[in-house]
>>> print(open('start.tsv').read())   # TSV, C-alpha atoms and all ligand atoms
chain	number	residue	atom	x	y	z
B	128	MET	CA	50.92	-116.06	-7.37
B	129	LEU	CA	53.88	-115.85	-4.98
B	130	LYS	CA	57.14	-114.36	-6.21
B	131	HIS	CA	59.23	-117.15	-4.73
B	132	ASN	CA	59.17	-119.99	-2.22
B	133	ILE	CA	58.43	-119.27	1.42
B	134	TYR	CA	60.23	-121.53	3.92
B	135	LEU	CA	58.70	-121.89	7.38
B	136	LEU	CA	61.13	-123.04	10.02
B	137	GLY	CA	61.26	-123.44	13.77
B	138	PHE	CA	61.19	-126.06	16.49
B	139	MET	CA	58.95	-129.12	16.37
B	140	GLY	CA	55.49	-127.99	17.45
B	141	SER	CA	55.99	-124.34	16.47
B	142	GLY	CA	53.10	-124.53	14.00
B	143	LYS	CA	54.98	-124.72	10.70
B	144	SER	CA	52.52	-127.07	9.01
B	145	HIS	CA	49.44	-125.48	10.53
B	146	TRP	CA	50.41	-121.94	9.54
B	147	GLY	CA	51.85	-123.05	6.24
B	148	LYS	CA	48.49	-124.51	5.22
B	149	ALA	CA	46.59	-121.45	6.46
B	150	MET	CA	48.90	-119.14	4.57
B	151	ALA	CA	48.70	-121.21	1.38
B	152	HIS	CA	44.91	-121.05	1.57
B	153	GLU	CA	44.88	-117.29	2.15
B	154	LEU	CA	47.43	-116.51	-0.58
B	155	GLY	CA	46.19	-119.10	-3.08
B	156	ALA	CA	49.59	-120.81	-3.22
B	157	PRO	CA	50.57	-124.50	-3.13
B	158	PHE	CA	51.78	-125.99	0.16
B	159	LEU	CA	54.47	-128.62	0.72
B	160	ASP	CA	55.43	-130.33	3.95
B	161	LEU	CA	59.08	-131.38	3.70
B	162	ASP	CA	58.62	-134.34	6.06
B	163	ALA	CA	55.71	-135.61	3.94
B	164	PHE	CA	57.80	-135.11	0.79
B	165	ILE	CA	60.62	-137.18	2.34
B	166	GLU	CA	58.18	-139.91	3.40
B	167	GLU	CA	56.84	-140.11	-0.13
B	168	LYS	CA	60.31	-140.23	-1.70
B	169	GLU	CA	61.52	-142.93	0.70
B	170	ALA	CA	58.18	-144.72	0.79
B	171	SER	CA	58.59	-144.92	4.55
B	172	SER	CA	57.57	-142.93	7.64
B	173	ILE	CA	60.03	-140.52	9.29
B	174	ARG	CA	59.93	-142.71	12.38
B	175	THR	CA	60.86	-145.84	10.40
B	176	ILE	CA	63.66	-144.02	8.53
B	177	PHE	CA	65.16	-142.96	11.89
B	178	GLU	CA	64.78	-146.47	13.32
B	179	GLN	CA	66.08	-148.43	10.35
B	180	LYS	CA	68.65	-146.13	8.75
B	181	GLY	CA	69.56	-143.67	11.50
B	182	GLU	CA	69.55	-139.89	11.80
B	183	ALA	CA	72.62	-139.26	9.60
B	184	TYR	CA	70.88	-140.96	6.68
B	185	PHE	CA	67.68	-139.00	7.35
B	186	ARG	CA	69.62	-135.69	7.33
B	187	MET	CA	71.18	-136.56	3.98
B	188	VAL	CA	67.82	-137.31	2.37
B	189	GLU	CA	66.36	-134.21	4.00
B	190	ALA	CA	69.10	-131.99	2.47
B	191	THR	CA	68.54	-133.52	-0.98
B	192	CYS	CA	64.76	-133.12	-0.80
B	193	LEU	CA	65.16	-129.52	0.39
B	194	ARG	CA	67.25	-128.69	-2.66
B	195	GLU	CA	64.59	-130.20	-4.91
B	196	THR	CA	62.17	-127.51	-3.74
B	197	ALA	CA	64.06	-125.04	-5.95
B	198	LYS	CA	62.65	-126.93	-8.94
B	199	LEU	CA	58.95	-126.90	-8.05
B	200	GLU	CA	56.68	-125.76	-10.85
B	201	GLU	CA	55.18	-122.89	-8.91
B	202	PRO	CA	56.42	-120.84	-5.94
B	203	THR	CA	55.31	-122.78	-2.88
B	204	ILE	CA	54.91	-122.42	0.87
B	205	ILE	CA	57.14	-125.05	2.44
B	206	ALA	CA	57.04	-126.26	6.05
B	207	LEU	CA	60.47	-127.62	7.01
B	208	GLY	CA	61.29	-130.18	9.68
B	209	GLY	CA	62.49	-128.81	13.02
B	210	GLY	CA	66.09	-129.81	12.35
B	211	THR	CA	66.28	-128.93	8.63
B	212	PRO	CA	68.08	-125.56	8.98
B	213	CYS	CA	70.78	-127.06	11.22
B	214	PHE	CA	72.44	-129.61	8.93
B	215	HIS	CA	74.36	-129.71	5.63
B	216	ASP	CA	74.56	-125.91	5.28
B	217	ASN	CA	70.80	-125.96	4.61
B	218	MET	CA	70.19	-122.56	6.19
B	219	THR	CA	72.58	-120.75	3.87
B	220	TRP	CA	71.03	-122.56	0.93
B	221	LEU	CA	67.41	-121.84	1.77
B	222	LYS	CA	67.77	-118.21	2.72
B	223	ASN	CA	69.04	-117.62	-0.79
B	224	ARG	CA	66.11	-119.37	-2.38
B	225	GLY	CA	63.18	-117.35	-1.06
B	226	THR	CA	61.79	-115.84	2.10
B	227	SER	CA	62.52	-117.76	5.30
B	228	ILE	CA	60.34	-117.31	8.36
B	229	PHE	CA	61.26	-118.46	11.86
B	230	LEU	CA	58.18	-119.28	13.94
B	231	ASP	CA	59.23	-118.66	17.53
B	232	PRO	CA	56.27	-119.14	19.90
B	233	PRO	CA	56.68	-119.11	23.71
B	234	LEU	CA	58.06	-122.28	25.33
B	235	ALA	CA	54.71	-123.10	26.97
B	236	VAL	CA	53.06	-123.29	23.53
B	237	LEU	CA	55.76	-125.64	22.25
B	238	ILE	CA	55.36	-127.97	25.23
B	239	GLN	CA	51.60	-128.00	24.88
B	240	GLN	CA	51.79	-128.80	21.16
B	241	LEU	CA	54.49	-131.45	21.53
B	242	GLU	CA	52.75	-133.35	24.32
B	243	LYS	CA	49.98	-134.06	21.83
B	244	GLY	CA	52.05	-135.45	18.98
B	245	MET	CA	54.97	-137.34	20.51
B	246	ALA	CA	54.29	-140.71	18.94
B	247	HIS	CA	55.30	-139.76	15.39
B	248	ARG	CA	58.31	-137.68	16.40
B	249	PRO	CA	61.28	-140.05	16.75
B	250	LEU	CA	63.39	-137.58	18.70
B	251	LEU	CA	60.77	-137.37	21.48
B	252	LEU	CA	59.86	-141.00	21.94
B	253	GLY	CA	59.39	-142.10	25.56
B	254	MET	CA	59.86	-138.67	27.18
B	255	ASP	CA	57.85	-137.41	30.16
B	256	LYS	CA	57.01	-133.72	30.61
B	257	GLU	CA	60.21	-132.89	32.53
B	258	ALA	CA	62.44	-134.64	29.99
B	259	LEU	CA	60.58	-132.89	27.19
B	260	LYS	CA	61.18	-129.46	28.77
B	261	GLU	CA	64.86	-130.23	29.26
B	262	PHE	CA	65.15	-131.52	25.67
B	263	ILE	CA	63.50	-128.42	24.20
B	264	SER	CA	65.65	-125.95	26.09
B	265	GLN	CA	68.89	-127.77	25.25
B	266	LYS	CA	68.04	-128.30	21.56
B	267	MET	CA	66.72	-124.77	21.22
B	268	THR	CA	70.06	-123.37	22.43
B	269	GLU	CA	71.84	-125.46	19.80
B	270	ARG	CA	69.44	-124.57	17.02
B	271	ARG	CA	68.63	-120.92	17.66
B	272	PRO	CA	71.75	-119.59	15.86
B	273	PHE	CA	70.51	-121.34	12.70
B	274	TYR	CA	66.87	-120.30	13.09
B	275	GLU	CA	67.84	-116.70	13.79
B	276	GLN	CA	69.32	-116.38	10.29
B	277	ALA	CA	65.82	-116.45	8.80
B	278	THR	CA	64.59	-113.42	6.89
B	279	ILE	CA	61.98	-112.77	9.58
B	280	LYS	CA	61.16	-114.06	13.03
B	281	ILE	CA	57.62	-114.23	14.34
B	282	SER	CA	56.40	-114.91	17.88
B	283	ASN	CA	52.84	-113.80	17.35
B	284	THR	CA	51.48	-115.78	14.45
B	285	ASN	CA	48.55	-113.36	13.93
B	286	THR	CA	50.97	-111.00	12.19
B	287	LEU	CA	52.26	-113.70	9.84
B	288	ILE	CA	50.01	-113.35	6.80
B	289	PRO	CA	50.00	-109.52	6.50
B	290	LEU	CA	53.76	-109.54	6.93
B	291	VAL	CA	54.26	-112.12	4.20
B	292	LYS	CA	52.08	-110.10	1.84
B	293	MET	CA	54.30	-107.11	2.49
B	294	MET	CA	57.52	-109.10	2.13
B	295	GLN	CA	56.41	-110.30	-1.30
B	296	LYS	CA	56.54	-106.74	-2.59
B	297	ARG	CA	60.25	-106.23	-1.92
B	298	ASN	CA	62.68	-105.99	-4.85
B	299	THR	CA	65.39	-108.60	-5.09
B	300	LEU	CA	68.88	-107.42	-4.23
B	301	LEU	CA	71.80	-109.65	-5.05
B	302	LEU	CA	75.03	-109.34	-3.04
B	303	LEU	CA	78.21	-110.36	-4.86
B	304	HIS	CA	81.40	-111.15	-2.97
B	305	GLY	CA	85.01	-110.27	-3.79
B	306	ALA	CA	87.88	-112.19	-5.41
B	307	LEU	CA	89.00	-114.12	-2.33
B	308	GLY	CA	85.61	-114.08	-0.64
B	309	SER	CA	82.43	-116.11	-0.34
B	310	GLN	CA	78.74	-115.52	0.21
B	311	LYS	CA	79.10	-116.08	3.96
B	312	GLN	CA	81.16	-112.89	4.33
B	313	LEU	CA	78.07	-110.98	3.29
B	314	ASN	CA	75.83	-112.57	5.94
B	315	GLU	CA	75.64	-109.56	8.20
B	316	ILE	CA	74.93	-107.16	5.33
B	317	GLN	CA	72.23	-109.56	4.12
B	318	THR	CA	70.55	-109.49	7.53
B	319	LEU	CA	70.74	-105.70	7.80
B	320	LEU	CA	69.11	-105.24	4.39
B	321	THR	CA	66.40	-107.86	4.67
B	322	LYS	CA	63.72	-105.49	5.94
B	323	ASP	CA	63.96	-103.50	2.70
B	324	PHE	CA	64.86	-106.12	0.09
B	325	ASP	CA	64.59	-109.79	-0.77
B	326	VAL	CA	68.35	-110.19	-0.35
B	327	ARG	CA	70.21	-113.04	-2.00
B	328	THR	CA	73.85	-114.10	-2.12
B	329	LEU	CA	75.66	-116.75	-4.11
B	330	ASN	CA	79.12	-118.28	-4.33
B	331	PHE	CA	81.08	-117.75	-7.52
B	332	THR	CA	82.64	-120.86	-9.08
B	333	GLY	CA	85.48	-122.17	-6.91
B	334	HIS	CA	84.51	-119.97	-3.95
B	335	GLY	CA	82.96	-120.82	-0.58
B	336	GLY	CA	82.86	-124.57	-1.22
B	337	LYS	CA	81.59	-124.44	-4.81
B	338	ALA	CA	83.70	-126.65	-7.10
B	339	PHE	CA	86.42	-125.20	-9.38
B	340	GLY	CA	85.09	-126.81	-12.55
B	341	ASP	CA	87.20	-126.85	-15.70
B	342	ALA	CA	87.23	-123.24	-16.81
B	343	PRO	CA	89.83	-120.79	-15.51
B	344	PHE	CA	88.60	-117.97	-13.25
B	345	SER	CA	87.39	-114.95	-15.23
B	346	ILE	CA	84.93	-112.08	-14.90
B	347	ASP	CA	82.86	-113.67	-17.68
B	348	LEU	CA	82.71	-117.00	-15.82
B	349	PHE	CA	81.45	-115.27	-12.66
B	350	THR	CA	78.96	-113.28	-14.75
B	351	GLU	CA	77.66	-116.61	-16.06
B	352	ASP	CA	77.31	-117.78	-12.43
B	353	VAL	CA	75.00	-114.84	-11.73
B	354	LEU	CA	72.94	-115.52	-14.84
B	355	ALA	CA	72.61	-119.20	-13.89
B	356	TYR	CA	71.52	-118.27	-10.35
B	357	MET	CA	68.90	-115.85	-11.72
B	358	GLU	CA	67.63	-118.48	-14.12
B	359	GLU	CA	67.36	-121.19	-11.43
B	360	ASN	CA	65.51	-118.83	-9.15
B	361	ASN	CA	63.20	-117.27	-11.74
B	362	LEU	CA	64.60	-113.81	-11.13
B	363	GLU	CA	64.00	-111.57	-14.12
B	364	GLN	CA	65.78	-108.49	-12.83
B	365	VAL	CA	67.82	-107.74	-9.73
B	366	ASP	CA	69.53	-104.77	-8.11
B	367	ILE	CA	73.11	-105.61	-7.19
B	368	PHE	CA	75.56	-104.69	-4.47
B	369	GLY	CA	79.00	-105.87	-5.52
B	370	TYR	CA	81.96	-105.76	-3.19
B	371	SER	CA	85.38	-105.48	-4.86
B	372	MET	CA	85.44	-107.98	-7.77
B	373	GLY	CA	81.68	-108.50	-7.22
B	374	GLY	CA	81.17	-104.88	-8.36
B	375	TYR	CA	83.12	-105.59	-11.53
B	376	VAL	CA	80.97	-108.65	-12.23
B	377	ALA	CA	77.81	-106.57	-11.67
B	378	LEU	CA	78.91	-103.96	-14.22
B	379	ASN	CA	79.90	-106.66	-16.70
B	380	LEU	CA	76.45	-108.22	-16.34
B	381	ALA	CA	74.78	-104.83	-16.84
B	382	ARG	CA	76.87	-104.31	-19.98
B	383	LEU	CA	76.08	-107.72	-21.49
B	384	HIS	CA	72.50	-108.15	-20.27
B	385	PRO	CA	71.11	-104.70	-19.49
B	386	ASN	CA	67.56	-105.94	-18.83
B	387	LYS	CA	68.65	-108.31	-16.08
B	388	VAL	CA	69.94	-105.52	-13.85
B	389	GLY	CA	68.25	-102.59	-12.09
B	390	LYS	CA	70.53	-100.35	-10.05
B	391	ILE	CA	74.07	-101.17	-8.96
B	392	VAL	CA	76.14	-100.26	-5.92
B	393	THR	CA	79.83	-101.13	-5.94
B	394	LEU	CA	82.30	-100.87	-3.09
B	395	ALA	CA	86.08	-101.06	-3.31
B	396	THR	CA	86.09	-102.28	-6.91
B	397	LYS	CA	89.43	-102.07	-8.70
B	398	PHE	CA	89.08	-100.43	-12.11
B	399	ALA	CA	92.66	-99.45	-12.97
B	400	TRP	CA	94.07	-102.65	-14.48
B	401	SER	CA	97.49	-102.55	-16.14
B	402	PRO	CA	100.45	-104.96	-16.12
B	403	SER	CA	101.94	-103.08	-13.17
B	404	THR	CA	98.76	-102.80	-11.02
B	405	ALA	CA	98.00	-106.47	-11.70
B	406	SER	CA	101.47	-107.61	-10.68
B	407	LYS	CA	101.19	-105.53	-7.48
B	408	GLU	CA	97.92	-107.29	-6.62
B	409	VAL	CA	99.31	-110.69	-7.50
B	410	LYS	CA	102.28	-110.23	-5.14
B	411	MET	CA	99.76	-110.28	-2.31
B	412	LEU	CA	98.39	-113.64	-3.45
B	413	ASN	CA	101.44	-115.77	-2.73
B	414	PRO	CA	100.36	-118.67	-0.46
B	415	VAL	CA	103.85	-119.20	0.98
B	416	THR	CA	104.10	-115.55	2.06
B	417	ILE	CA	100.54	-115.56	3.39
B	418	GLU	CA	101.21	-118.67	5.50
B	419	ALA	CA	104.40	-117.19	6.90
B	420	LYS	CA	103.24	-113.62	7.52
B	421	VAL	CA	99.50	-113.88	8.15
B	422	PRO	CA	98.80	-117.50	9.22
B	423	ALA	CA	95.33	-116.60	10.51
B	424	PHE	CA	94.38	-115.36	7.03
B	425	ALA	CA	95.74	-118.58	5.49
B	426	LYS	CA	93.54	-120.59	7.87
B	427	ALA	CA	90.50	-118.46	7.09
B	428	LEU	CA	91.00	-118.93	3.33
B	429	ALA	CA	91.42	-122.70	3.75
B	430	ALA	CA	88.19	-122.94	5.77
B	431	ARG	CA	86.29	-120.60	3.45
B	432	HIS	CA	86.98	-122.47	0.21
B	433	GLN	CA	87.21	-126.11	1.35
B	434	PRO	CA	86.87	-128.75	0.02
B	435	GLU	CA	88.72	-126.91	-2.77
B	436	ASP	CA	92.38	-126.08	-2.10
B	437	TRP	CA	92.92	-122.43	-1.08
B	438	LYS	CA	96.39	-122.40	-2.64
B	439	VAL	CA	95.00	-123.42	-6.03
B	440	HIS	CA	92.29	-120.81	-5.49
B	441	LEU	CA	94.95	-118.10	-5.08
B	442	GLU	CA	96.78	-119.33	-8.16
B	443	LYS	CA	93.62	-119.19	-10.27
B	444	THR	CA	92.82	-115.71	-8.93
B	445	ALA	CA	96.35	-114.51	-9.71
B	446	THR	CA	96.11	-115.81	-13.30
B	447	MET	CA	92.81	-113.98	-13.76
B	448	MET	CA	94.26	-110.73	-12.42
B	449	LEU	CA	97.30	-110.91	-14.66
B	450	GLU	CA	94.97	-111.33	-17.60
B	451	LEU	CA	92.94	-108.32	-16.51
B	452	GLY	CA	96.21	-106.39	-16.48
B	453	ASN	CA	97.04	-107.72	-19.92
B	454	GLY	CA	94.09	-106.41	-21.89
B	455	LYS	CA	91.12	-108.45	-20.59
B	456	ALA	CA	89.80	-105.59	-18.43
B	457	LEU	CA	86.83	-103.49	-19.51
B	458	LEU	CA	87.71	-100.30	-21.36
B	459	LYS	CA	86.38	-96.85	-20.64
B	460	GLN	CA	84.19	-97.11	-23.71
B	461	ASP	CA	82.65	-100.31	-22.29
B	462	PHE	CA	81.74	-98.53	-19.06
B	463	SER	CA	80.39	-95.53	-20.97
B	464	LYS	CA	77.77	-97.72	-22.66
B	465	ILE	CA	76.23	-98.79	-19.35
B	466	GLN	CA	73.05	-96.79	-18.78
B	467	HIS	CA	72.17	-98.09	-15.31
B	468	LYS	CA	72.23	-95.95	-12.21
B	469	VAL	CA	75.44	-96.89	-10.44
B	470	LEU	CA	76.77	-95.77	-7.09
B	471	VAL	CA	80.54	-96.22	-7.10
B	472	GLY	CA	81.58	-96.54	-3.45
B	473	ILE	CA	85.16	-96.28	-2.23
B	474	GLY	CA	86.77	-96.03	1.20
B	475	ALA	CA	89.19	-93.13	1.70
B	476	LYS	CA	91.44	-95.55	3.61
B	477	ASP	CA	91.44	-98.25	0.92
B	478	LYS	CA	95.05	-99.14	0.09
B	479	MET	CA	94.21	-101.36	-2.91
B	480	VAL	CA	91.81	-99.13	-4.82
B	481	SER	CA	92.18	-95.36	-5.19
B	482	VAL	CA	89.51	-92.69	-4.97
B	483	GLU	CA	90.85	-91.36	-8.31
B	484	GLU	CA	90.24	-94.57	-10.28
B	485	SER	CA	86.75	-94.84	-8.74
B	486	GLN	CA	85.97	-91.24	-9.61
B	487	GLU	CA	87.17	-91.72	-13.16
B	488	ILE	CA	84.74	-94.62	-13.70
B	489	ALA	CA	81.88	-92.84	-11.91
B	490	GLU	CA	82.34	-90.02	-14.43
B	491	VAL	CA	82.62	-92.30	-17.46
B	492	LEU	CA	79.40	-94.14	-16.57
B	493	THR	CA	76.31	-92.49	-18.07
B	494	ASN	CA	74.54	-92.49	-14.69
B	495	GLY	CA	77.39	-92.95	-12.25
B	496	THR	CA	77.75	-91.29	-8.85
B	497	LEU	CA	80.83	-91.44	-6.64
B	498	LEU	CA	80.52	-91.96	-2.89
B	499	VAL	CA	83.59	-91.75	-0.68
B	500	PHE	CA	83.30	-93.43	2.73
B	501	GLU	CA	85.67	-91.52	4.95
B	502	ASN	CA	86.82	-94.29	7.28
B	503	PHE	CA	86.49	-97.43	5.18
B	504	PRO	CA	89.60	-99.54	4.48
B	505	HIS	CA	89.52	-102.28	1.80
B	506	PRO	CA	88.49	-105.45	3.72
B	507	ILE	CA	84.71	-105.84	3.92
B	508	GLU	CA	85.07	-107.19	7.48
B	509	LYS	CA	86.49	-103.84	8.57
B	510	VAL	CA	83.89	-101.47	7.14
B	511	ASP	CA	80.99	-100.07	9.17
B	512	ARG	CA	78.11	-102.23	7.96
B	513	THR	CA	75.45	-99.89	9.34
B	514	ILE	CA	76.74	-96.90	7.40
B	515	LEU	CA	77.20	-99.02	4.28
B	516	THR	CA	73.70	-100.51	4.34
B	517	GLN	CA	72.10	-97.12	5.03
B	518	GLU	CA	73.73	-95.76	1.88
B	519	ILE	CA	72.69	-98.80	-0.14
B	520	VAL	CA	69.04	-98.43	0.94
B	521	LYS	CA	69.09	-94.67	0.28
B	522	PHE	CA	70.47	-95.10	-3.24
B	523	LEU	CA	68.34	-98.08	-4.26
B	524	LYS	CA	65.09	-96.64	-2.93
B	525	GLU	CA	65.39	-93.06	-4.13
E	601	LIG	C1	62.87	-133.17	13.57
E	601	LIG	C2	61.62	-132.62	13.36
E	601	LIG	C3	60.56	-133.31	12.62
E	601	LIG	C4	61.15	-134.32	11.64
E	601	LIG	C5	62.10	-135.24	12.32
E	601	LIG	C6	63.26	-134.48	13.00
E	601	LIG	C7	63.88	-132.38	14.34
E	601	LIG	O1	59.77	-132.34	11.93
E	601	LIG	O2	61.78	-133.70	10.56
E	601	LIG	O3	61.38	-135.95	13.27
E	601	LIG	O4	65.07	-132.70	14.27
E	601	LIG	O5	63.47	-131.41	15.03
E	601	LIG	P1	58.66	-131.38	12.66
E	601	LIG	O6	59.39	-130.18	13.17
E	601	LIG	O7	57.73	-131.04	11.56
E	601	LIG	O8	58.06	-132.17	13.74
>>> encode(input="start.tsv", output="structure tokens")
Amino acid sequence: MLKHNIYLLGFMGSGKSHWGKAMAHELGAPFLDLDAFIEEKEASSIRTIFEQKGEAYFRMVEATCLRETAKLEEPTIIALGGGTPCFHDNMTWLKNRGTSIFLDPPLAVLIQQLEKGMAHRPLLLGMDKEALKEFISQKMTERRPFYEQATIKISNTNTLIPLVKMMQKRNTLLLLHGALGSQKQLNEIQTLLTKDFDVRTLNFTGHGGKAFGDAPFSIDLFTEDVLAYMEENNLEQVDIFGYSMGGYVALNLARLHPNKVGKIVTLATKFAWSPSTASKEVKMLNPVTIEAKVPAFAKALAARHQPEDWKVHLEKTATMMLELGNGKALLKQDFSKIQHKVLVGIGAKDKMVSVEESQEIAEVLTNGTLLVFENFPHPIEKVDRTILTQEIVKFLKE
């Protein structure tokens, strides 16, 4: 049985269905063709859906059907449509639901395959060979940035099945973002770690486009988000890398549900919460000041959390931090009960979190180790991702 879904993606004619079926046969797993699934749901052919309801409608149904693949009874090999990864944030969604594989054969192979099956592909109707070539190269340029985000890319399909068998053996590593962040900020780290782990990210409630809901922001709410994600994705246990607040959530999860967590790496997590440290943090969360002094940051926050309002987001974060300062934070005795191996990472140039507070917690933890990164400041965007991921791999694999 597979550990999780495998999503095959790539241009029309790249062999997604052919190789998907071959792989399913070889690995004894079920196979699903997303186009066929859509046709069944809509009781209509892809060509008719395009003709009668238009592409925008098709893309909406496609995104909905894709998300239904998270609920299949058994982990499945799924061949996507050529355009699936490029609409409705589908790529971010699917790469956090299993292994994604980009089939990238040479152009000549694509042309040869597509010349055969043009009649049922609405986007190719009526094209001659020259038009087809032009279409492929233009669309490929548009789509490559999406395809390239896949866990692995394969040009020679002979290597596909052994590689998938190997990929299935990787442990799952969950990356948790910080208080003002979102899963997309961890994209590059996710890519760098994908050779060694089945790397997943998620958005906490109210972050990165996920709705606020009714509950106020809290570490317990975000811990519930992780549990829900693990449940939905049939993940029994995960290692975790948590950046800033994400590290705090990871430790809280380990404390409350020790069996759900393997090893933990934190970076730049604030541990010293008191009324005065909280109010210092909260001063930096004033939207009026941010707009006036760092307008680019204001814009980035607005884009990151839309459709939710970034100003409300800051307000909710500030309330949570004040509560942490007012007795909601974990106590030393809480940390001391955690038995997991934890690497507590901190940048020597971090102005928000001190080496001292990190060291204190590393010592209180039963199996804690401190790691000081000489040149790292606080923002994740400014740390050397290569050095960081090397240390994560070293610690998690030792
Ligand atoms: C499309 C590819 C098709 C199908 C639809 C749109 C695309 O799937 O989803 O015609 O935008 O590239 P295949 O890649 O399986 O042909």
>>> residues_near_point(input="start.tsv", point="(77.6, -103.9, -4.4)", cutoff="6 Å", atoms="only C-alpha atoms", output="ChimeraX atom specification")
/B:367-370,374,392-394
>>> residues_near_ligand(input="start.tsv", ligand="ligand LIG 601 (chain E)", cutoff="10 Å", atoms="all atoms listed in the file", output="ChimeraX atom specification")
/B:136-144,160-163,165,172-174,176-177,182,185-186,189,206-214,241,244-245,247-251,263,266-267,270
>>> closest_residue(input="start.tsv", among="B:Gln265, B:Gln310, B:Gln364, B:Gln276", to="B:Ile228", atoms="only C-alpha atoms")
B:Gln276
>>> atom_distance(input="start.tsv", atom1="atom CA of B:Ala377", atom2="atom CA of B:Thr350")
7.5 Å
>>> residues_around(input="start.tsv", residues="stretch 220-223 of chain B", least_positions_apart="6", cutoff="12 Å", atoms="only C-alpha atoms", output="PyMOL selection string")
chain B and resi 131-136+190-197+205+207+211-214+229+273-279+299-302+310-311+313-314+317-318+321+325-330+356-357+359-360+362
>>> closest_residue(input="start.tsv", among="B:Asn217, B:Thr226, B:Thr332, B:Gln517", to="B:Val188", atoms="all atoms listed in the file")
B:Asn217
>>> residues_around(input="start.tsv", residues="stretch 497-510 of chain B", least_positions_apart="2", cutoff="10 Å", atoms="all atoms listed in the file", output="PDB file with C-alpha atoms, in the coordinates of the input")
ATOM      1  CA  HIS B 304      81.400-111.150  -2.970  1.00  0.00           C
ATOM      2  CA  GLY B 305      85.010-110.270  -3.790  1.00  0.00           C
ATOM      3  CA  GLY B 308      85.610-114.080  -0.640  1.00  0.00           C
ATOM      4  CA  GLN B 312      81.160-112.890   4.330  1.00  0.00           C
ATOM      5  CA  LEU B 313      78.070-110.980   3.290  1.00  0.00           C
ATOM      6  CA  GLU B 315      75.640-109.560   8.200  1.00  0.00           C
ATOM      7  CA  ILE B 316      74.930-107.160   5.330  1.00  0.00           C
ATOM      8  CA  TYR B 370      81.960-105.760  -3.190  1.00  0.00           C
ATOM      9  CA  SER B 371      85.380-105.480  -4.860  1.00  0.00           C
ATOM     10  CA  VAL B 392      76.140-100.260  -5.920  1.00  0.00           C
ATOM     11  CA  THR B 393      79.830-101.130  -5.940  1.00  0.00           C
ATOM     12  CA  LEU B 394      82.300-100.870  -3.090  1.00  0.00           C
ATOM     13  CA  ALA B 395      86.080-101.060  -3.310  1.00  0.00           C
ATOM     14  CA  THR B 396      86.090-102.280  -6.910  1.00  0.00           C
ATOM     15  CA  VAL B 469      75.440 -96.890 -10.440  1.00  0.00           C
ATOM     16  CA  LEU B 470      76.770 -95.770  -7.090  1.00  0.00           C
ATOM     17  CA  VAL B 471      80.540 -96.220  -7.100  1.00  0.00           C
ATOM     18  CA  GLY B 472      81.580 -96.540  -3.450  1.00  0.00           C
ATOM     19  CA  ILE B 473      85.160 -96.280  -2.230  1.00  0.00           C
ATOM     20  CA  GLY B 474      86.770 -96.030   1.200  1.00  0.00           C
ATOM     21  CA  ALA B 475      89.190 -93.130   1.700  1.00  0.00           C
ATOM     22  CA  LYS B 476      91.440 -95.550   3.610  1.00  0.00           C
ATOM     23  CA  ASP B 477      91.440 -98.250   0.920  1.00  0.00           C
ATOM     24  CA  LYS B 478      95.050 -99.140   0.090  1.00  0.00           C
ATOM     25  CA  MET B 479      94.210-101.360  -2.910  1.00  0.00           C
ATOM     26  CA  VAL B 480      91.810 -99.130  -4.820  1.00  0.00           C
ATOM     27  CA  VAL B 482      89.510 -92.690  -4.970  1.00  0.00           C
ATOM     28  CA  SER B 485      86.750 -94.840  -8.740  1.00  0.00           C
ATOM     29  CA  GLN B 486      85.970 -91.240  -9.610  1.00  0.00           C
ATOM     30  CA  GLU B 487      87.170 -91.720 -13.160  1.00  0.00           C
ATOM     31  CA  ILE B 488      84.740 -94.620 -13.700  1.00  0.00           C
ATOM     32  CA  ALA B 489      81.880 -92.840 -11.910  1.00  0.00           C
ATOM     33  CA  GLU B 490      82.340 -90.020 -14.430  1.00  0.00           C
ATOM     34  CA  GLY B 495      77.390 -92.950 -12.250  1.00  0.00           C
ATOM     35  CA  ARG B 512      78.110-102.230   7.960  1.00  0.00           C
ATOM     36  CA  THR B 513      75.450 -99.890   9.340  1.00  0.00           C
ATOM     37  CA  ILE B 514      76.740 -96.900   7.400  1.00  0.00           C
ATOM     38  CA  LEU B 515      77.200 -99.020   4.280  1.00  0.00           C
ATOM     39  CA  GLU B 518      73.730 -95.760   1.880  1.00  0.00           C
TER      40      GLU B 518
END
>>> atom_distance(input="start.tsv", atom1="atom CA of B:Ala456", atom2="atom CA of B:Ala427")
28.6 Å
>>> atom_distance(input="start.tsv", atom1="atom CA of B:Glu450", atom2="atom CA of B:Trp400")
9.3 Å
>>> residues_around(input="start.tsv", residues="stretch 405-408 of chain B", least_positions_apart="3", cutoff="12 Å", atoms="all atoms listed in the file", output="ChimeraX atom specification")
/B:306,397-402,411-413,441,444-456,478-480
>>> residues_around(input="start.tsv", residues="B:His384", least_positions_apart="3", cutoff="12 Å", atoms="only C-alpha atoms", output="VMD selection string")
chain B and resid 350 to 351 353 to 354 363 to 365 376 to 381 387 to 389 464 to 467
>>> closest_residue(input="start.tsv", among="B:Ala430, B:Ile204, B:Ala183, B:Leu303", to="B:His145", atoms="all atoms listed in the file")
B:Ile204
>>> closest_residue(input="start.tsv", among="B:Ala170, B:Thr219, B:Ser264, B:Lys292", to="B:Met128", atoms="all atoms listed in the file")
B:Lys292
>>> residues_around(input="start.tsv", residues="B:Lys438", least_positions_apart="3", cutoff="12 Å", atoms="only C-alpha atoms", output="VMD selection string")
chain B and resid 307 333 412 to 418 425 to 426 428 to 435 441 to 445
